[in-house]
Structure formats: C-alpha cells, structure tokens
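Next up, query_28.tsv (TSV, C-alpha atoms):
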chain	number	residue	atom	x	y	z
A	1	MET	CA	-11.39	30.13	-2.30
A	2	HIS	CA	-11.72	27.33	0.18
A	3	LYS	CA	-9.89	25.65	3.02
A	4	GLY	CA	-8.66	22.09	3.10
A	5	PHE	CA	-11.16	19.83	4.82
A	6	ALA	CA	-12.66	16.38	4.87
A	7	LEU	CA	-16.33	15.99	4.03
A	8	TRP	CA	-17.13	12.57	5.40
A	9	PHE	CA	-20.31	10.86	4.26
A	10	THR	CA	-21.52	7.90	6.28
A	11	GLY	CA	-24.61	5.76	5.87
A	12	MET	CA	-25.87	2.41	4.74
A	13	SER	CA	-25.72	1.07	1.22
A	14	GLY	CA	-28.25	2.84	-0.99
A	15	ALA	CA	-28.71	5.80	1.34
A	16	GLY	CA	-27.38	8.19	-1.28
A	17	LYS	CA	-23.76	8.73	-0.26
A	18	SER	CA	-22.37	8.33	-3.77
A	19	THR	CA	-25.06	10.46	-5.39
A	20	LEU	CA	-24.85	13.39	-3.01
A	21	SER	CA	-21.06	13.29	-2.70
A	22	GLN	CA	-20.81	13.36	-6.50
A	23	ARG	CA	-23.10	16.40	-6.67
A	24	ILE	CA	-21.07	18.27	-4.09
A	25	TYR	CA	-17.85	17.25	-5.85
A	26	ASP	CA	-19.14	18.47	-9.21
A	27	ARG	CA	-20.25	21.77	-7.77
A	28	LEU	CA	-16.94	22.40	-6.05
A	29	LYS	CA	-15.00	21.32	-9.12
A	30	ALA	CA	-17.02	23.69	-11.29
A	31	GLN	CA	-15.89	26.49	-9.01
A	32	GLY	CA	-12.27	25.54	-9.53
A	33	ALA	CA	-11.78	23.96	-6.12
A	34	ARG	CA	-9.01	21.50	-5.39
A	35	VAL	CA	-11.14	18.53	-4.54
A	36	GLU	CA	-10.99	14.73	-4.60
A	37	LEU	CA	-13.82	12.26	-4.22
A	38	LEU	CA	-12.86	9.03	-2.49
A	39	ASP	CA	-15.79	6.80	-3.18
A	40	GLY	CA	-16.16	3.55	-1.26
A	41	ASP	CA	-15.76	1.29	-4.26
A	42	GLU	CA	-12.81	3.19	-5.70
A	43	VAL	CA	-11.04	3.06	-2.38
A	44	ARG	CA	-11.64	-0.66	-2.02
A	45	GLU	CA	-9.92	-1.06	-5.38
A	46	HIS	CA	-6.95	1.25	-4.89
A	47	LEU	CA	-6.25	1.19	-1.17
A	48	SER	CA	-7.95	-1.78	0.38
A	49	LYS	CA	-8.01	-4.67	-2.04
A	50	GLY	CA	-7.86	-7.87	-0.06
A	51	LEU	CA	-9.66	-6.49	2.95
A	52	GLY	CA	-12.94	-8.13	3.84
A	53	PHE	CA	-15.94	-6.98	5.82
A	54	SER	CA	-15.11	-7.98	9.36
A	55	ARG	CA	-15.15	-5.16	11.87
A	56	GLU	CA	-11.35	-5.09	11.87
A	57	ASP	CA	-11.12	-4.91	8.09
A	58	ARG	CA	-13.82	-2.26	7.83
A	59	ASP	CA	-12.03	-0.18	10.44
A	60	THR	CA	-8.73	-0.57	8.60
A	61	ASN	CA	-10.44	0.59	5.43
A	62	VAL	CA	-11.84	3.64	7.22
A	63	ARG	CA	-8.45	4.47	8.74
A	64	ARG	CA	-6.77	4.31	5.34
A	65	ILE	CA	-9.33	6.61	3.82
A	66	GLY	CA	-8.81	8.86	6.81
A	67	PHE	CA	-5.05	8.85	6.31
A	68	VAL	CA	-5.41	9.93	2.69
A	69	ALA	CA	-8.07	12.52	3.50
A	70	GLN	CA	-5.78	13.94	6.16
A	71	LEU	CA	-2.86	14.30	3.72
A	72	LEU	CA	-5.12	16.10	1.26
A	73	ALA	CA	-6.92	18.31	3.78
A	74	ARG	CA	-3.79	19.58	5.49
A	75	ASN	CA	-2.48	20.66	2.10
A	76	GLY	CA	-5.51	22.75	1.28
A	77	VAL	CA	-7.37	20.11	-0.73
A	78	ILE	CA	-10.98	19.11	-0.12
A	79	ALA	CA	-11.35	15.36	0.42
A	80	ILE	CA	-14.87	14.02	0.05
A	81	THR	CA	-15.30	10.45	1.24
A	82	ALA	CA	-18.27	8.19	0.67
A	83	ALA	CA	-17.69	4.84	2.32
A	84	ILE	CA	-20.23	3.21	4.63
A	85	SER	CA	-17.89	3.61	7.63
A	86	PRO	CA	-20.28	1.83	9.97
A	87	TYR	CA	-18.41	2.02	13.29
A	88	ARG	CA	-18.55	5.11	15.45
A	89	GLU	CA	-15.18	4.59	17.07
A	90	ALA	CA	-13.24	4.44	13.80
A	91	ARG	CA	-15.07	7.54	12.52
A	92	GLY	CA	-14.21	9.29	15.77
A	93	GLU	CA	-10.54	8.40	15.41
A	94	VAL	CA	-10.42	9.87	11.94
A	95	ARG	CA	-12.24	12.99	13.05
A	96	ALA	CA	-9.70	13.47	15.82
A	97	ARG	CA	-6.84	13.42	13.32
A	98	ILE	CA	-8.25	15.87	10.79
A	99	GLU	CA	-8.45	19.53	11.66
A	100	ASN	CA	-11.45	20.39	9.52
A	101	PHE	CA	-13.81	17.46	9.53
A	102	VAL	CA	-17.47	17.56	8.55
A	103	GLU	CA	-19.58	14.47	9.07
A	104	VAL	CA	-22.68	14.00	6.94
A	105	PHE	CA	-25.06	11.27	8.00
A	106	MET	CA	-27.13	9.90	5.14
A	107	ASP	CA	-30.02	8.60	7.18
A	108	ALA	CA	-32.70	6.21	5.96
A	109	PRO	CA	-34.42	3.27	7.63
A	110	VAL	CA	-33.56	-0.18	6.35
A	111	SER	CA	-37.19	-0.65	5.32
A	112	VAL	CA	-36.91	2.23	2.87
A	113	LEU	CA	-33.53	1.09	1.58
A	114	ALA	CA	-34.86	-2.42	1.08
A	115	GLU	CA	-37.78	-0.94	-0.83
A	116	ARG	CA	-35.49	1.01	-3.17
A	117	ASP	CA	-32.88	-1.76	-3.35
A	118	VAL	CA	-31.08	-0.21	-6.31
A	119	LYS	CA	-28.48	-2.96	-6.52
A	120	GLY	CA	-30.74	-5.82	-5.43
A	121	LEU	CA	-28.54	-6.38	-2.40
A	122	TYR	CA	-31.09	-5.89	0.38
A	123	LYS	CA	-33.30	-8.61	-1.00
A	124	LYS	CA	-30.39	-11.02	-0.88
A	125	ALA	CA	-29.22	-9.83	2.51
A	126	LEU	CA	-32.68	-10.13	4.03
A	127	ALA	CA	-32.89	-13.65	2.59
A	128	GLY	CA	-29.72	-14.44	4.51
A	129	GLU	CA	-27.60	-14.74	1.39
A	130	ILE	CA	-25.05	-12.02	2.25
A	131	ALA	CA	-23.01	-12.25	5.42
A	132	HIS	CA	-21.79	-8.98	6.89
A	133	PHE	CA	-24.31	-6.76	5.11
A	134	THR	CA	-24.47	-3.46	6.95
A	135	GLY	CA	-27.84	-2.76	8.53
A	136	VAL	CA	-29.08	-6.30	8.03
A	137	SER	CA	-26.53	-8.87	9.10
A	138	ASP	CA	-23.88	-6.42	10.31
A	139	PRO	CA	-24.14	-3.34	12.56
A	140	TYR	CA	-24.46	0.26	11.47
A	141	GLU	CA	-23.76	2.67	14.30
A	142	ALA	CA	-25.49	5.92	13.45
A	143	PRO	CA	-23.67	9.15	14.30
A	144	VAL	CA	-24.90	10.67	17.54
A	145	ASP	CA	-24.10	14.24	16.60
A	146	PRO	CA	-23.29	14.56	12.89
A	147	ASP	CA	-22.60	17.99	11.41
A	148	VAL	CA	-25.35	17.40	8.88
A	149	ARG	CA	-28.11	14.82	8.90
A	150	CYS	CA	-29.87	14.14	5.62
A	151	ASP	CA	-33.19	12.39	5.96
A	152	THR	CA	-32.96	10.71	2.62
A	153	ALA	CA	-36.27	8.91	2.98
A	154	SER	CA	-38.26	12.13	2.88
A	155	GLU	CA	-35.89	14.86	1.73
A	156	PRO	CA	-35.30	15.66	-1.97
A	157	ILE	CA	-31.62	15.39	-2.90
A	158	ALA	CA	-31.46	19.10	-3.73
A	159	GLU	CA	-32.50	19.89	-0.18
A	160	SER	CA	-29.81	17.59	1.24
A	161	GLU	CA	-27.27	19.25	-1.02
A	162	ALA	CA	-28.33	22.69	0.16
A	163	LYS	CA	-27.95	21.66	3.80
A	164	VAL	CA	-24.43	20.37	3.26
A	165	TRP	CA	-23.47	23.48	1.30
A	166	ALA	CA	-24.88	25.78	3.96
A	167	LYS	CA	-22.93	23.96	6.66
A	168	LEU	CA	-19.67	24.34	4.76
A	169	GLU	CA	-20.31	28.06	4.39
A	170	GLU	CA	-21.30	28.41	8.03
A	171	LEU	CA	-18.06	26.73	9.10
A	172	GLY	CA	-16.09	29.11	6.88
A	173	LEU	CA	-14.68	26.24	4.80
A	174	ILE	CA	-15.99	27.57	1.50
A	175	GLU	CA	-16.99	31.03	0.43
B	1	MET	CA	5.88	28.67	-5.98
B	2	HIS	CA	5.90	25.11	-7.24
B	3	LYS	CA	3.88	22.64	-9.26
B	4	GLY	CA	2.37	19.43	-8.01
B	5	PHE	CA	4.63	16.48	-8.72
B	6	ALA	CA	5.86	13.15	-7.43
B	7	LEU	CA	9.49	12.81	-6.46
B	8	TRP	CA	9.99	9.08	-6.40
B	9	PHE	CA	13.04	7.66	-4.66
B	10	THR	CA	13.96	4.06	-5.38
B	11	GLY	CA	16.86	2.00	-4.16
B	12	MET	CA	17.86	-0.76	-1.81
B	13	SER	CA	17.68	-0.66	1.96
B	14	GLY	CA	20.37	1.60	3.39
B	15	ALA	CA	21.04	3.40	0.10
B	16	GLY	CA	19.97	6.71	1.60
B	17	LYS	CA	16.39	7.14	0.39
B	18	SER	CA	15.04	8.21	3.78
B	19	THR	CA	17.92	10.56	4.51
B	20	LEU	CA	17.89	12.37	1.19
B	21	SER	CA	14.12	12.48	0.89
B	22	GLN	CA	13.94	13.99	4.37
B	23	ARG	CA	16.46	16.69	3.41
B	24	ILE	CA	14.54	17.58	0.28
B	25	TYR	CA	11.30	17.59	2.25
B	26	ASP	CA	12.73	19.87	4.93
B	27	ARG	CA	14.10	22.29	2.35
B	28	LEU	CA	10.80	22.47	0.47
B	29	LYS	CA	8.83	22.81	3.70
B	30	ALA	CA	11.09	25.65	4.84
B	31	GLN	CA	10.15	27.47	1.65
B	32	GLY	CA	6.49	27.08	2.42
B	33	ALA	CA	5.80	24.38	-0.15
B	34	ARG	CA	2.81	22.08	0.06
B	35	VAL	CA	4.69	18.82	0.45
B	36	GLU	CA	4.23	15.38	1.94
B	37	LEU	CA	6.83	12.71	2.57
B	38	LEU	CA	5.57	9.16	2.17
B	39	ASP	CA	8.31	7.11	3.72
B	40	GLY	CA	8.37	3.37	3.17
B	41	ASP	CA	7.84	2.44	6.80
B	42	GLU	CA	5.09	4.98	7.39
B	43	VAL	CA	3.26	3.77	4.32
B	44	ARG	CA	3.54	0.15	5.41
B	45	GLU	CA	1.85	1.20	8.65
B	46	HIS	CA	-0.92	3.40	7.28
B	47	LEU	CA	-1.67	1.99	3.85
B	48	SER	CA	-0.26	-1.48	3.56
B	49	LYS	CA	-0.40	-3.22	6.90
B	50	GLY	CA	-0.85	-6.92	6.28
B	51	LEU	CA	1.03	-6.94	2.99
B	52	GLY	CA	4.14	-9.07	2.84
B	53	PHE	CA	7.19	-9.02	0.61
B	54	SER	CA	6.19	-11.20	-2.29
B	55	ARG	CA	6.43	-9.56	-5.69
B	56	GLU	CA	2.65	-9.17	-5.75
B	57	ASP	CA	2.51	-7.55	-2.34
B	58	ARG	CA	5.41	-5.25	-3.06
B	59	ASP	CA	3.77	-4.15	-6.29
B	60	THR	CA	0.48	-3.56	-4.49
B	61	ASN	CA	2.34	-1.42	-1.97
B	62	VAL	CA	3.95	0.60	-4.77
B	63	ARG	CA	0.62	1.06	-6.55
B	64	ARG	CA	-1.01	2.34	-3.35
B	65	ILE	CA	1.76	4.84	-2.78
B	66	GLY	CA	1.38	5.81	-6.41
B	67	PHE	CA	-2.36	6.32	-6.00
B	68	VAL	CA	-1.86	8.64	-3.06
B	69	ALA	CA	0.99	10.50	-4.76
B	70	GLN	CA	-1.21	10.99	-7.79
B	71	LEU	CA	-4.05	12.49	-5.71
B	72	LEU	CA	-1.61	14.89	-4.09
B	73	ALA	CA	0.32	15.82	-7.23
B	74	ARG	CA	-2.72	16.61	-9.33
B	75	ASN	CA	-3.89	19.01	-6.64
B	76	GLY	CA	-0.68	20.98	-6.63
B	77	VAL	CA	0.98	19.17	-3.74
B	78	ILE	CA	4.50	17.70	-3.86
B	79	ALA	CA	4.55	14.02	-2.94
B	80	ILE	CA	7.95	12.62	-2.03
B	81	THR	CA	8.07	8.85	-1.77
B	82	ALA	CA	10.86	6.73	-0.35
B	83	ALA	CA	9.97	3.07	-0.61
B	84	ILE	CA	12.33	0.49	-2.10
B	85	SER	CA	9.96	-0.08	-5.06
B	86	PRO	CA	12.15	-2.82	-6.51
B	87	TYR	CA	10.24	-3.75	-9.68
B	88	ARG	CA	10.60	-1.74	-12.85
B	89	GLU	CA	7.17	-2.55	-14.20
B	90	ALA	CA	5.30	-1.27	-11.16
B	91	ARG	CA	7.37	1.91	-11.12
B	92	GLY	CA	6.61	2.34	-14.80
B	93	GLU	CA	2.89	1.96	-14.16
B	94	VAL	CA	2.97	4.66	-11.53
B	95	ARG	CA	5.02	6.96	-13.71
B	96	ALA	CA	2.47	6.57	-16.51
B	97	ARG	CA	-0.34	7.69	-14.20
B	98	ILE	CA	1.31	10.80	-12.76
B	99	GLU	CA	1.79	13.83	-14.95
B	100	ASN	CA	4.89	15.21	-13.26
B	101	PHE	CA	7.00	12.31	-12.13
B	102	VAL	CA	10.67	12.45	-11.21
B	103	GLU	CA	12.51	9.24	-10.48
B	104	VAL	CA	15.60	9.36	-8.29
B	105	PHE	CA	17.73	6.23	-8.22
B	106	MET	CA	19.74	5.88	-5.02
B	107	ASP	CA	22.46	3.67	-6.36
B	108	ALA	CA	24.96	1.70	-4.30
B	109	PRO	CA	26.39	-1.79	-4.70
B	110	VAL	CA	25.29	-4.42	-2.22
B	111	SER	CA	28.89	-4.77	-1.03
B	112	VAL	CA	28.89	-1.14	0.14
B	113	LEU	CA	25.45	-1.42	1.70
B	114	ALA	CA	26.49	-4.58	3.53
B	115	GLU	CA	29.56	-2.73	4.78
B	116	ARG	CA	27.46	0.15	6.16
B	117	ASP	CA	24.64	-2.11	7.35
B	118	VAL	CA	23.03	0.59	9.45
B	119	LYS	CA	20.20	-1.64	10.65
B	120	GLY	CA	22.22	-4.87	10.77
B	121	LEU	CA	19.91	-6.37	8.15
B	122	TYR	CA	22.45	-7.19	5.44
B	123	LYS	CA	24.45	-9.37	7.79
B	124	LYS	CA	21.34	-11.38	8.55
B	125	ALA	CA	20.21	-11.47	4.94
B	126	LEU	CA	23.62	-12.63	3.71
B	127	ALA	CA	23.55	-15.33	6.38
B	128	GLY	CA	20.29	-16.52	4.84
B	129	GLU	CA	18.20	-15.44	7.81
B	130	ILE	CA	15.89	-13.05	5.95
B	131	ALA	CA	13.81	-14.29	3.08
B	132	HIS	CA	12.82	-11.72	0.45
B	133	PHE	CA	15.54	-9.23	1.30
B	134	THR	CA	15.93	-6.89	-1.66
B	135	GLY	CA	19.32	-7.14	-3.34
B	136	VAL	CA	20.28	-10.31	-1.51
B	137	SER	CA	17.50	-12.87	-1.56
B	138	ASP	CA	15.04	-10.83	-3.64
B	139	PRO	CA	15.53	-8.89	-6.89
B	140	TYR	CA	16.16	-5.19	-7.25
B	141	GLU	CA	15.60	-3.98	-10.78
B	142	ALA	CA	17.62	-0.81	-11.22
B	143	PRO	CA	16.03	2.00	-13.25
B	144	VAL	CA	17.31	2.07	-16.81
B	145	ASP	CA	16.84	5.78	-17.30
B	146	PRO	CA	16.14	7.56	-14.00
B	147	ASP	CA	15.76	11.34	-13.94
B	148	VAL	CA	18.51	11.53	-11.35
B	149	ARG	CA	21.04	8.92	-10.34
B	150	CYS	CA	22.81	9.38	-7.02
B	151	ASP	CA	25.96	7.37	-6.64
B	152	THR	CA	25.66	7.11	-2.90
B	153	ALA	CA	28.82	5.03	-2.51
B	154	SER	CA	31.06	7.88	-3.61
B	155	GLU	CA	28.93	11.03	-3.61
B	156	PRO	CA	28.47	13.21	-0.51
B	157	ILE	CA	24.82	13.64	0.43
B	158	ALA	CA	24.97	17.37	-0.23
B	159	GLU	CA	26.00	16.66	-3.81
B	160	SER	CA	23.11	14.22	-4.29
B	161	GLU	CA	20.76	16.82	-2.85
B	162	ALA	CA	22.07	19.46	-5.24
B	163	LYS	CA	21.52	17.16	-8.21
B	164	VAL	CA	17.92	16.47	-7.27
B	165	TRP	CA	17.26	20.14	-6.66
B	166	ALA	CA	18.81	21.16	-9.98
B	167	LYS	CA	16.66	18.61	-11.80
B	168	LEU	CA	13.48	19.96	-10.23
B	169	GLU	CA	14.42	23.47	-11.29
B	170	GLU	CA	15.39	22.34	-14.78
B	171	LEU	CA	12.00	20.66	-15.18
B	172	GLY	CA	10.25	23.84	-14.05
B	173	LEU	CA	8.67	22.11	-11.05
B	174	ILE	CA	10.13	24.47	-8.48
B	175	GLU	CA	11.43	27.98	-8.76
Using the file provided, produce a representation of the structure as structure tokens.
Amino acid sequence: MHKGFALWFTGMSGAGKSTLSQRIYDRLKAQGARVELLDGDEVREHLSKGLGFSREDRDTNVRRIGFVAQLLARNGVIAITAAISPYREARGEVRARIENFVEVFMDAPVSVLAERDVKGLYKKALAGEIAHFTGVSDPYEAPVDPDVRCDTASEPIAESEAKVWAKLEELGLIE
Amino acid sequence: MHKGFALWFTGMSGAGKSTLSQRIYDRLKAQGARVELLDGDEVREHLSKGLGFSREDRDTNVRRIGFVAQLLARNGVIAITAAISPYREARGEVRARIENFVEVFMDAPVSVLAERDVKGLYKKALAGEIAHFTGVSDPYEAPVDPDVRCDTASEPIAESEAKVWAKLEELGLIE
C-alpha cells in the first residue's frame, strides 16, 4: 500500500537521476505499486518536443511534467520524475501544486561530472561547443532544502537509494 | 469499482463535448471514481501552449493528450478527454496505444452548430475571419466506427449520457 505522490529528482546531467529513479521505480513496481517514471528524455519526446533550452522553455517543460505528476499523484499513483529542472522557482511552483511532493537533489560538483562524462557532453560543453549546458554554460540552482540530498560523488548508489526509501517511509507515503 | 480507461470525445466546436464529458465526469466522481477530465482548453494551456492549428500541431496536441490518458488509464484511473481531435489517423494511433479506449463521436452538422454558435465562432469562420476553423476552413474527419455516436442535433443530452453510460457498463469498465 502506498499514497499518491511525486518523487522529484533534480540535478545536473550525469548526476545519477535516471539511474536512481529507475532503481526506485523497479523496487516499487516489484511491490505492485501504481507507479510511473517520467524520465527527462521521454518527456521531451512525448510532452515537450519543440521546446528548447532557454529558461522559459525549461520552465515550461518542468511545469508540464508537474501537471502530469499532479494528475497521477492525486489519483493515488506514484509519479517519479527525473528531469534536470534547473530553476528553483519552477520547482517551487510545482511543489506548491502537488500535495505529496518529495524533492531529491542529486548533488555532484561539475568537476566530478566532467570526469565521469558518460555521454561525452561535458567535454564539449567545457570546450564551448554546447550552448545552454546546465552547470557549464547555463545555471543550475541547487535546492536549498531538499527532502533528500544524495552526494553522488562519494555515496554508493545503494546508499542513496536507502536514503530515498527511508524518507518515503518516514513521510508515511509507502509502507 | 471501475477499470482504468480512456473515454475519448471527438467532435466539432459546439457539438457538446465539454458539456457531456463534464456530466459523465461529475457522475463518476460522485461515485468515488478515480477520474480526470482533460478538456481541450485546459490541455492547450497546460500541455500544448505554443502549438497552433496546423494539422501537425493538432496531431501533436492529440498525441500529448493520448500520452497522459495512457499513463492514467494503465494505472486504473479514468481519463476523459474532450478535444476536437479532428484527424482519424491521430485518433487511431492513440487508440492503438491505450488498452481500454472508448471513442464517443459528438455528431452534429455544421448548419446546426452554426445556428447554435454558442461562442460566436461559426459566424466569424463562415465569414472567412478564422483560418483553420474545424468543419469550416479546416477538415473534420468523422469516426467511421465510434463506440458511441451521439446525434446531438436531435438527441437530448440525457439520452446521450445514457448511451455513453450503457456502453461503459456493457464493456465492463464500470459497474
């Protein structure tokens, strides 16, 4: 048994949003939960094709994800989102609209992300080849008071997962 | 008790999609159903701001509504949609993606809709003042084989409502 809620991952590219959100999704799904994972790329395809990476377009993207998460959450479904969502104000707006909202900050310094550089994007961004790259040529406004902060530079993924899970239990959102 | 499904209204402006969908929504809600109403205008605001009325943009709008309806329906929620959705192919695509899909065709000839002209739009469209107005300056492709057809020119709204309700029961989607 669980409540409807939004589990909102935020963080820069490569910080582990997709990986951790997928683990949480799989675990909830295995327990028979009603749960959807709205990954950043999937959402760009299905809800936000045509939007770019200006602040306005990024905020529109975040609001759309928020709208869908709200519809799901208020009907008892768990909505896990994993888009960068770089601006504090837009995240705050979404939080205000959703009754049960849990923000998870996937925190890692750019230096570490550039070192990992799974998709080879940081190298290009640092060379000035990608405009509007969050954390390099575009802002990332870290959450001031997230519900969970995962220090992905030093913390094993299993530990991050355990922290998120414990928070959901503590808030009475899952049993 | 009910299943998750999409109840998809289609029809021209003024044919009664909003009115009937709202009645069905209210009735389901009163019974404690998990149900959302995705009205055309609301969706344009929250999911499709910036899209116009070209065929491509209309189809994108329909696909987005379909995506959200699919997420809701597969989690046991009833998604009622009430956008014009003028093109058969896009409606067919959405139908193919959603397990329980019920199409309701709100049918009325343009002459009757122009007579009613609740929003004063037909007068303008017939005077050539609105480009891309469905049924006048833009196509409306009527469903060939809808699950329910409501003849809104001759049928009282209560009768249309009863037909939709009976179909949902017949399909085992509501009790």
Using all atoms listed in the file, find which residues of chain A lie within 8 Å of chain B and jot them down as a PyMOL selection string. chain A and resi 34-36+46-47+63-64+67-68+71-72+75+77
Counting all atoms listed in the file, which of A:Leu121, A:Val164, A:Leu113, A:Leu7 gets nearest to Ala83 of chain A?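 Nearest candidate to Ala83 of chain A out of A:Leu121, A:Val164, A:Leu113, A:Leu7: A:Leu7.
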Pairwise distance for atom CA of Gln22 of chain A and atom CA of Glu99 of chain A, rounded to one decimal in Å: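 Computing the Euclidean distance for atom CA of Gln22 of chain A and atom CA of Glu99 of chain A yields 22.8 Å.
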Give me the residues near Asp59 of chain A as a PDB file with C-alpha atoms, in the coordinates of the input, where near means some atom within 9 Å (using all atoms listed in the file) and where sequence neighbours in that chain fewer than 2 positions away do not count.
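Heads up, here's the output in result.pdb:
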ATOM      1  CA  SER A  54     -15.110  -7.980   9.360  1.00  0.00           C
ATOM      2  CA  ARG A  55     -15.150  -5.160  11.870  1.00  0.00           C
ATOM      3  CA  GLU A  56     -11.350  -5.090  11.870  1.00  0.00           C
ATOM      4  CA  ASP A  57     -11.120  -4.910   8.090  1.00  0.00           C
ATOM      5  CA  ASN A  61     -10.440   0.590   5.430  1.00  0.00           C
ATOM      6  CA  VAL A  62     -11.840   3.640   7.220  1.00  0.00           C
ATOM      7  CA  ARG A  63      -8.450   4.470   8.740  1.00  0.00           C
ATOM      8  CA  ARG A  64      -6.770   4.310   5.340  1.00  0.00           C
ATOM      9  CA  SER A  85     -17.890   3.610   7.630  1.00  0.00           C
ATOM     10  CA  PRO A  86     -20.280   1.830   9.970  1.00  0.00           C
ATOM     11  CA  TYR A  87     -18.410   2.020  13.290  1.00  0.00           C
ATOM     12  CA  GLU A  89     -15.180   4.590  17.070  1.00  0.00           C
ATOM     13  CA  ALA A  90     -13.240   4.440  13.800  1.00  0.00           C
ATOM     14  CA  ARG A  91     -15.070   7.540  12.520  1.00  0.00           C
TER      15      ARG A  91
END
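Here atom CA of Trp165 of chain A and atom CA of Arg97 of chain A stand 22.9 Å from one another.
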Nearest to Val144 of chain A among A:Pro156, A:Val118, A:Glu170, A:Asp107, with distances taken over all atoms listed in the file: which residue is it?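 Comparing A:Pro156, A:Val118, A:Glu170, A:Asp107 against Val144 of chain A, the winner is A:Asp107.
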Taking only C-alpha atoms into account, which of A:Gly128, A:Gly4, A:Pro146, A:Pro139 comes nearest Ile84 of chain A?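 Counting only C-alpha atoms, the residue closest to Ile84 of chain A is A:Pro139.
We find atom CA of Ala82 of chain B and atom CA of Phe101 of chain A to be spaced 28.7 Å apart.
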